[in-house]
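Chemist: Coordinates in input.pdb, PDB, C-alpha atoms, are listed below.
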MODEL        1
ATOM      1  CA  MET Z   1      87.762 109.791 129.751
ATOM      2  CA  SER Z   2      90.567 108.117 127.847
ATOM      3  CA  ARG Z   3      90.022 106.223 124.625
ATOM      4  CA  VAL Z   4      91.328 102.815 123.633
ATOM      5  CA  ARG Z   5      92.913 103.210 120.220
ATOM      6  CA  ALA Z   6      94.908 101.162 117.742
ATOM      7  CA  TYR Z   7      97.304 102.709 115.217
ATOM      8  CA  LEU Z   8      98.687 100.351 112.575
ATOM      9  CA  ALA Z   9     100.100 100.151 109.071
ATOM     10  CA  MET Z  10      98.601  97.458 106.854
ATOM     11  CA  SER Z  11      99.296  96.211 103.345
ATOM     12  CA  LEU Z  12      96.558  96.557 100.755
ATOM     13  CA  ASP Z  13      95.725  92.864 101.220
ATOM     14  CA  GLY Z  14      95.316  93.187 104.989
ATOM     15  CA  PHE Z  15      98.660  92.142 106.502
ATOM     16  CA  VAL Z  16     100.504  94.039 109.253
ATOM     17  CA  ALA Z  17     103.693  92.025 108.685
ATOM     18  CA  GLY Z  18     104.913  89.761 105.932
ATOM     19  CA  PRO Z  19     106.049  86.149 106.266
ATOM     20  CA  GLY Z  20     108.514  85.680 109.127
ATOM     21  CA  ASP Z  21     107.333  88.960 110.709
ATOM     22  CA  ASP Z  22     108.950  90.879 107.836
ATOM     23  CA  LEU Z  23     108.504  94.666 107.957
ATOM     24  CA  ASP Z  24     110.887  95.505 105.091
ATOM     25  CA  TRP Z  25     107.902  96.447 102.918
ATOM     26  CA  LEU Z  26     107.513  99.549 105.131
ATOM     27  CA  GLU Z  27     111.161 100.663 104.933
ATOM     28  CA  PRO Z  28     111.339 102.498 101.594
ATOM     29  CA  ARG Z  29     108.397 104.653 102.628
ATOM     30  CA  ALA Z  30     109.419 105.264 106.235
ATOM     31  CA  GLU Z  31     112.216 107.723 105.463
ATOM     32  CA  GLY Z  32     110.100 110.865 105.137
ATOM     33  CA  ALA Z  33     106.758 112.043 106.355
ATOM     34  CA  PRO Z  34     104.311 111.874 103.466
ATOM     35  CA  ALA Z  35     102.556 115.015 102.326
ATOM     36  CA  VAL Z  36      98.785 114.974 102.221
ATOM     37  CA  ALA Z  37      97.218 115.198  98.796
ATOM     38  CA  ALA Z  38      94.496 117.686  97.990
ATOM     39  CA  GLU Z  39      90.742 117.025  97.786
ATOM     40  CA  PRO Z  40      88.697 114.900  97.422
ATOM     41  CA  TRP Z  41      90.399 112.621  99.946
ATOM     42  CA  SER Z  42      91.002 115.011 102.800
ATOM     43  CA  ALA Z  43      90.067 118.523 103.752
ATOM     44  CA  SER Z  44      93.477 119.301 105.251
ATOM     45  CA  ASP Z  45      96.678 117.933 106.713
ATOM     46  CA  ALA Z  46      95.041 118.381 110.120
ATOM     47  CA  ASP Z  47      93.046 115.214 109.366
ATOM     48  CA  ALA Z  48      96.236 113.137 109.183
ATOM     49  CA  LEU Z  49      97.490 111.546 112.367
ATOM     50  CA  HIS Z  50     101.239 111.062 112.450
ATOM     51  CA  PHE Z  51     102.834 108.636 114.904
ATOM     52  CA  GLY Z  52     104.518 111.293 117.041
ATOM     53  CA  ASP Z  53     101.266 113.215 117.432
ATOM     54  CA  PHE Z  54      99.460 109.970 118.253
ATOM     55  CA  LEU Z  55     102.017 109.117 120.965
ATOM     56  CA  ASP Z  56     101.569 112.578 122.513
ATOM     57  CA  ARG Z  57      98.031 111.492 123.465
ATOM     58  CA  VAL Z  58      99.017 108.068 124.854
ATOM     59  CA  GLY Z  59      99.354 107.309 128.568
ATOM     60  CA  CYS Z  60      99.868 103.532 128.287
ATOM     61  CA  ILE Z  61     100.557 100.996 125.550
ATOM     62  CA  LEU Z  62      99.165  97.452 125.541
ATOM     63  CA  MET Z  63     101.191  95.427 123.069
ATOM     64  CA  GLY Z  64     101.116  91.791 122.040
ATOM     65  CA  ARG Z  65     104.160  89.676 122.828
ATOM     66  CA  ARG Z  66     104.954  88.875 119.200
ATOM     67  CA  THR Z  67     104.923  92.570 118.307
ATOM     68  CA  TYR Z  68     107.007  93.380 121.371
ATOM     69  CA  ASP Z  69     109.639  90.824 120.338
ATOM     70  CA  ILE Z  70     109.812  92.467 116.911
ATOM     71  CA  VAL Z  71     110.126  96.062 118.173
ATOM     72  CA  THR Z  72     112.886  95.141 120.631
ATOM     73  CA  ARG Z  73     115.042  94.467 117.558
ATOM     74  CA  PHE Z  74     114.587  98.053 116.282
ATOM     75  CA  PRO Z  75     117.769 100.148 116.538
ATOM     76  CA  ASP Z  76     115.930 102.788 118.599
ATOM     77  CA  TRP Z  77     113.051 102.456 121.077
ATOM     78  CA  PRO Z  78     110.186 104.428 119.437
ATOM     79  CA  TYR Z  79     107.822 104.573 122.451
ATOM     80  CA  ARG Z  80     109.571 107.239 124.547
ATOM     81  CA  GLU Z  81     109.017 106.770 128.289
ATOM     82  CA  ILE Z  82     105.381 105.725 127.891
ATOM     83  CA  PRO Z  83     104.445 102.825 130.198
ATOM     84  CA  MET Z  84     103.948  99.617 128.222
ATOM     85  CA  HIS Z  85     102.109  96.457 129.203
ATOM     86  CA  VAL Z  86     103.001  93.388 127.149
ATOM     87  CA  ALA Z  87     100.333  90.690 126.860
ATOM     88  CA  THR Z  88     102.323  87.537 127.550
ATOM     89  CA  HIS Z  89     102.547  84.324 129.516
ATOM     90  CA  ARG Z  90     106.336  84.159 129.185
ATOM     91  CA  PRO Z  91     108.960  86.159 131.092
ATOM     92  CA  LEU Z  92     110.319  89.273 129.382
ATOM     93  CA  ASP Z  93     114.087  89.246 128.844
ATOM     94  CA  ASN Z  94     115.770  92.539 129.836
ATOM     95  CA  PRO Z  95     112.718  94.764 129.267
ATOM     96  CA  GLN Z  96     112.914  98.524 129.038
ATOM     97  CA  PRO Z  97     112.289 100.159 132.449
ATOM     98  CA  THR Z  98     108.804 101.227 131.321
ATOM     99  CA  VAL Z  99     107.767  97.703 130.240
ATOM    100  CA  THR Z 100     105.846  95.174 132.349
ATOM    101  CA  ALA Z 101     104.200  91.841 131.564
ATOM    102  CA  SER Z 102     100.404  91.656 131.625
ATOM    103  CA  ARG Z 103      98.089  88.651 131.792
ATOM    104  CA  GLY Z 104      94.356  88.025 131.821
ATOM    105  CA  THR Z 105      91.504  88.632 129.429
ATOM    106  CA  ILE Z 106      91.796  91.457 126.952
ATOM    107  CA  ALA Z 107      89.159  93.394 128.927
ATOM    108  CA  GLU Z 108      91.166  92.996 132.151
ATOM    109  CA  MET Z 109      94.412  94.053 130.481
ATOM    110  CA  VAL Z 110      92.737  97.072 128.866
ATOM    111  CA  GLU Z 111      91.286  98.167 132.222
ATOM    112  CA  ARG Z 112      94.733  97.953 133.861
ATOM    113  CA  ALA Z 113      96.212  99.965 130.987
ATOM    114  CA  ARG Z 114      93.428 102.559 131.368
ATOM    115  CA  ALA Z 115      94.247 102.922 135.058
ATOM    116  CA  VAL Z 116      97.891 103.641 134.173
ATOM    117  CA  ALA Z 117      96.961 105.978 131.287
ATOM    118  CA  GLY Z 118      94.790 108.188 133.462
ATOM    119  CA  ARG Z 119      93.202 110.836 131.253
ATOM    120  CA  LYS Z 120      95.387 109.931 128.287
ATOM    121  CA  ASP Z 121      94.608 107.244 125.701
ATOM    122  CA  VAL Z 122      95.519 103.567 125.683
ATOM    123  CA  TYR Z 123      97.360 102.462 122.541
ATOM    124  CA  LEU Z 124      96.807  98.851 121.444
ATOM    125  CA  ASP Z 125      99.436  97.368 119.167
ATOM    126  CA  GLY Z 126      99.749  93.945 117.579
ATOM    127  CA  ALA Z 127      97.295  92.069 115.359
ATOM    128  CA  THR Z 128      96.181  89.605 118.030
ATOM    129  CA  VAL Z 129      95.633  92.289 120.683
ATOM    130  CA  VAL Z 130      93.642  94.417 118.220
ATOM    131  CA  ARG Z 131      91.533  91.433 117.063
ATOM    132  CA  ASP Z 132      90.865  90.406 120.665
ATOM    133  CA  ALA Z 133      89.857  93.983 121.538
ATOM    134  CA  LEU Z 134      87.484  94.127 118.564
ATOM    135  CA  ASP Z 135      85.930  90.807 119.608
ATOM    136  CA  ALA Z 136      85.580  91.951 123.242
ATOM    137  CA  ARG Z 137      84.165  95.326 122.156
ATOM    138  CA  VAL Z 138      86.762  97.301 124.126
ATOM    139  CA  LEU Z 139      88.337  99.199 121.196
ATOM    140  CA  ASP Z 140      87.088 102.764 120.629
ATOM    141  CA  GLU Z 141      89.054 103.772 117.536
ATOM    142  CA  LEU Z 142      91.171 102.115 114.877
ATOM    143  CA  VAL Z 143      93.550 104.169 112.735
ATOM    144  CA  VAL Z 144      94.843 102.103 109.823
ATOM    145  CA  THR Z 145      97.328 103.431 107.312
ATOM    146  CA  VAL Z 146      97.006 101.307 104.189
ATOM    147  CA  VAL Z 147     100.258 100.935 102.272
ATOM    148  CA  PRO Z 148      99.760 100.287  98.531
ATOM    149  CA  THR Z 149     101.736  97.055  98.642
ATOM    150  CA  VAL Z 150     100.363  93.529  98.221
ATOM    151  CA  LEU Z 151     102.203  90.930 100.320
ATOM    152  CA  GLY Z 152     100.170  87.796  99.550
ATOM    153  CA  SER Z 153     100.741  86.314 103.009
ATOM    154  CA  GLY Z 154     101.868  87.219 106.495
ATOM    155  CA  ILE Z 155     100.156  88.297 109.705
ATOM    156  CA  ALA Z 156      96.576  89.279 108.892
ATOM    157  CA  LEU Z 157      95.099  92.136 110.884
ATOM    158  CA  PHE Z 158      91.516  90.909 110.844
ATOM    159  CA  GLY Z 159      91.885  87.172 110.238
ATOM    160  CA  GLY Z 160      90.463  85.144 113.103
ATOM    161  CA  LEU Z 161      87.765  87.514 114.374
ATOM    162  CA  THR Z 162      85.017  85.452 116.012
ATOM    163  CA  HIS Z 163      82.224  87.791 114.864
ATOM    164  CA  PRO Z 164      81.874  90.768 112.527
ATOM    165  CA  ALA Z 165      83.102  94.100 113.862
ATOM    166  CA  GLU Z 166      80.864  97.006 112.887
ATOM    167  CA  LEU Z 167      83.133  99.999 112.241
ATOM    168  CA  THR Z 168      82.296 103.493 111.040
ATOM    169  CA  ALA Z 169      84.725 105.423 108.829
ATOM    170  CA  GLU Z 170      85.055 108.893 110.341
ATOM    171  CA  HIS Z 171      87.477 110.247 107.752
ATOM    172  CA  VAL Z 172      90.041 109.200 105.200
ATOM    173  CA  VAL Z 173      93.326 110.900 104.386
ATOM    174  CA  ARG Z 174      95.240 110.251 101.175
ATOM    175  CA  PHE Z 175      98.977 110.901 101.208
ATOM    176  CA  ALA Z 176     100.988 111.916  98.141
ATOM    177  CA  ASP Z 177     103.043 108.688  98.217
ATOM    178  CA  GLY Z 178      99.927 106.517  97.963
ATOM    179  CA  PHE Z 179      99.296 105.786 101.637
ATOM    180  CA  ILE Z 180      95.660 106.013 102.729
ATOM    181  CA  GLN Z 181      94.916 106.572 106.408
ATOM    182  CA  ILE Z 182      91.459 105.478 107.568
ATOM    183  CA  HIS Z 183      90.090 106.623 110.936
ATOM    184  CA  LEU Z 184      87.454 104.135 112.116
ATOM    185  CA  ALA Z 185      85.170 104.416 115.123
ATOM    186  CA  CYS Z 186      84.128 101.257 116.922
ATOM    187  CA  PRO Z 187      80.615 102.249 118.060
ATOM    188  CA  THR Z 188      79.980  98.926 119.781
ATOM    189  CA  ALA Z 189      82.785  99.490 122.295
ATOM    190  CA  ARG Z 190      81.720  99.011 125.934
TER     191      ARG Z 190
ENDMDL
END
I need this file expressed as structure tokens, please.

Modeler:
Amino acid sequence: MSRVRAYLAMSLDGFVAGPGDDLDWLEPRAEGAPAVAAEPWSASDADALHFGDFLDRVGCILMGRRTYDIVTRFPDWPYREIPMHVATHRPLDNPQPTVTASRGTIAEMVERARAVAGRKDVYLDGATVVRDALDARVLDELVVTVVPTVLGSGIALFGGLTHPAELTAEHVVRFADGFIQIHLACPTAR
């Protein structure tokens, strides 16, 4: 059975984007793949989950509209030919051929994405979509890469949850450039 997973970068103070949806704080570090540091943080590089490897396991993406609007401004489309559902009430302007609009509750949208994903995983992206999935208990795993940068304000990943989300840290990977990747299970899912 497929899993519903989120994979995000977050500043040390909990923001996935800075003011005005700014992502420049990720740029200086995005040029090369970080090397994993030695113990005690991680047993091996096999514990790290890089974006390309993550996408290999994904059969459908469910992305929030705000995030979608941001990624359409990227010079290259990073999501390959993976089907994407965008949670929105507004029409999509000139979407990629693999992109469709999706409406309904988060549980309904996740179930539609699961049907498309088949045996592969569903990738949730966007702070609101991830928060809604945590609240609805439909998220199985959250992979957060913490960037050692403090933004002070922006789009908070966890701000606005309606109740506490009980997560379990499965493992932590420390990269040589200071990134820390935390793999969290959401045991209350479904």

Chemist: I need the residue set behind the PyMOL selection byres ((chain Z and resi 26) around 12) for this file; please write it as a PDB file with C-alpha atoms, keeping the file's coordinate frame.

Modeler:
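That gives us selection.pdb:
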ATOM      1  CA  LEU Z   8      98.687 100.351 112.575  1.00  0.00           C
ATOM      2  CA  ALA Z   9     100.100 100.151 109.071  1.00  0.00           C
ATOM      3  CA  MET Z  10      98.601  97.458 106.854  1.00  0.00           C
ATOM      4  CA  SER Z  11      99.296  96.211 103.345  1.00  0.00           C
ATOM      5  CA  PHE Z  15      98.660  92.142 106.502  1.00  0.00           C
ATOM      6  CA  VAL Z  16     100.504  94.039 109.253  1.00  0.00           C
ATOM      7  CA  ALA Z  17     103.693  92.025 108.685  1.00  0.00           C
ATOM      8  CA  GLY Z  18     104.913  89.761 105.932  1.00  0.00           C
ATOM      9  CA  ASP Z  21     107.333  88.960 110.709  1.00  0.00           C
ATOM     10  CA  ASP Z  22     108.950  90.879 107.836  1.00  0.00           C
ATOM     11  CA  LEU Z  23     108.504  94.666 107.957  1.00  0.00           C
ATOM     12  CA  ASP Z  24     110.887  95.505 105.091  1.00  0.00           C
ATOM     13  CA  TRP Z  25     107.902  96.447 102.918  1.00  0.00           C
ATOM     14  CA  GLU Z  27     111.161 100.663 104.933  1.00  0.00           C
ATOM     15  CA  PRO Z  28     111.339 102.498 101.594  1.00  0.00           C
ATOM     16  CA  ARG Z  29     108.397 104.653 102.628  1.00  0.00           C
ATOM     17  CA  ALA Z  30     109.419 105.264 106.235  1.00  0.00           C
ATOM     18  CA  GLU Z  31     112.216 107.723 105.463  1.00  0.00           C
ATOM     19  CA  GLY Z  32     110.100 110.865 105.137  1.00  0.00           C
ATOM     20  CA  THR Z 145      97.328 103.431 107.312  1.00  0.00           C
ATOM     21  CA  VAL Z 146      97.006 101.307 104.189  1.00  0.00           C
ATOM     22  CA  VAL Z 147     100.258 100.935 102.272  1.00  0.00           C
ATOM     23  CA  PRO Z 148      99.760 100.287  98.531  1.00  0.00           C
ATOM     24  CA  THR Z 149     101.736  97.055  98.642  1.00  0.00           C
ATOM     25  CA  VAL Z 150     100.363  93.529  98.221  1.00  0.00           C
ATOM     26  CA  LEU Z 151     102.203  90.930 100.320  1.00  0.00           C
ATOM     27  CA  PHE Z 179      99.296 105.786 101.637  1.00  0.00           C
TER      28      PHE Z 179
END

Chemist: Can you list, as a list in words, every protein, DNA or RNA residue that comes within 8 Å of Ala113 (chain Z) when you count only C-alpha atoms, leaving out same-chain residues fewer than 4 positions away?

Modeler: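 The contact residues come out as Cys60, Ile61, Leu62, His85, Met109, Ala117 and Val122 of chain Z.
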
Chemist: For the structure provided, state which residues fall under the PyMOL selection byres ((chain Z and resi 65-82) around 12), and present them as number ranges by chain.

Modeler: Z: 8, 16-17, 20-23, 51-64, 83-103, 113, 116-117, 120-130, 155

Chemist: Could you state which residues are captured by the PyMOL selection byres ((chain Z and resi 131) around 12) in this file, as number ranges by chain?

Modeler: Z: 6, 64, 106, 124-130, 132-139, 142, 155-165

Chemist: Return as JSON the box centre and box size in Å, one decimal, for an axis-aligned box around all listed atoms of region 54-66 of chain Z padded by 6 Å per side.

Modeler:
{"center_x": 101.5, "center_y": 100.7, "center_z": 123.4, "size_x": 18.9, "size_y": 35.7, "size_z": 22.3}

Chemist: Tell me which of Z:Val110, Z:Ala169, Z:Ala115, Z:Met1 sits closest to Ile182 (chain Z), counting only C-alpha atoms.

Modeler: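 For Ile182 (chain Z), the nearest of the candidates is Z:Ala169.
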
Chemist: Considering all atoms listed in the file, can you say which of Z:Leu167, Z:Gly118, Z:Arg112, Z:Ala48 comes closest to Gln181 (chain Z)?

Modeler: Z:Ala48

Chemist: Nearest to Ser2 (chain Z): which of Z:Val172, Z:Ala185, Z:Arg119, Z:Val144 is it, counting all atoms listed in the file?

Modeler: Z:Arg119

Chemist: State, in Å with one decimal place, the distance from CA of Asp140 (chain Z) to CA of Leu49 (chain Z).

Modeler: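 Separation between CA of Asp140 (chain Z) and CA of Leu49 (chain Z): 15.9 Å.
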
Chemist: Determine the nearest neighbour of Asp13 (chain Z) from the options Z:Ala176, Z:Glu170, Z:Cys186, Z:Ser153, counting all atoms listed in the file.

Modeler: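 Checking each of Z:Ala176, Z:Glu170, Z:Cys186, Z:Ser153 against Asp13 (chain Z), counting all atoms listed in the file, the winner is Z:Ser153.
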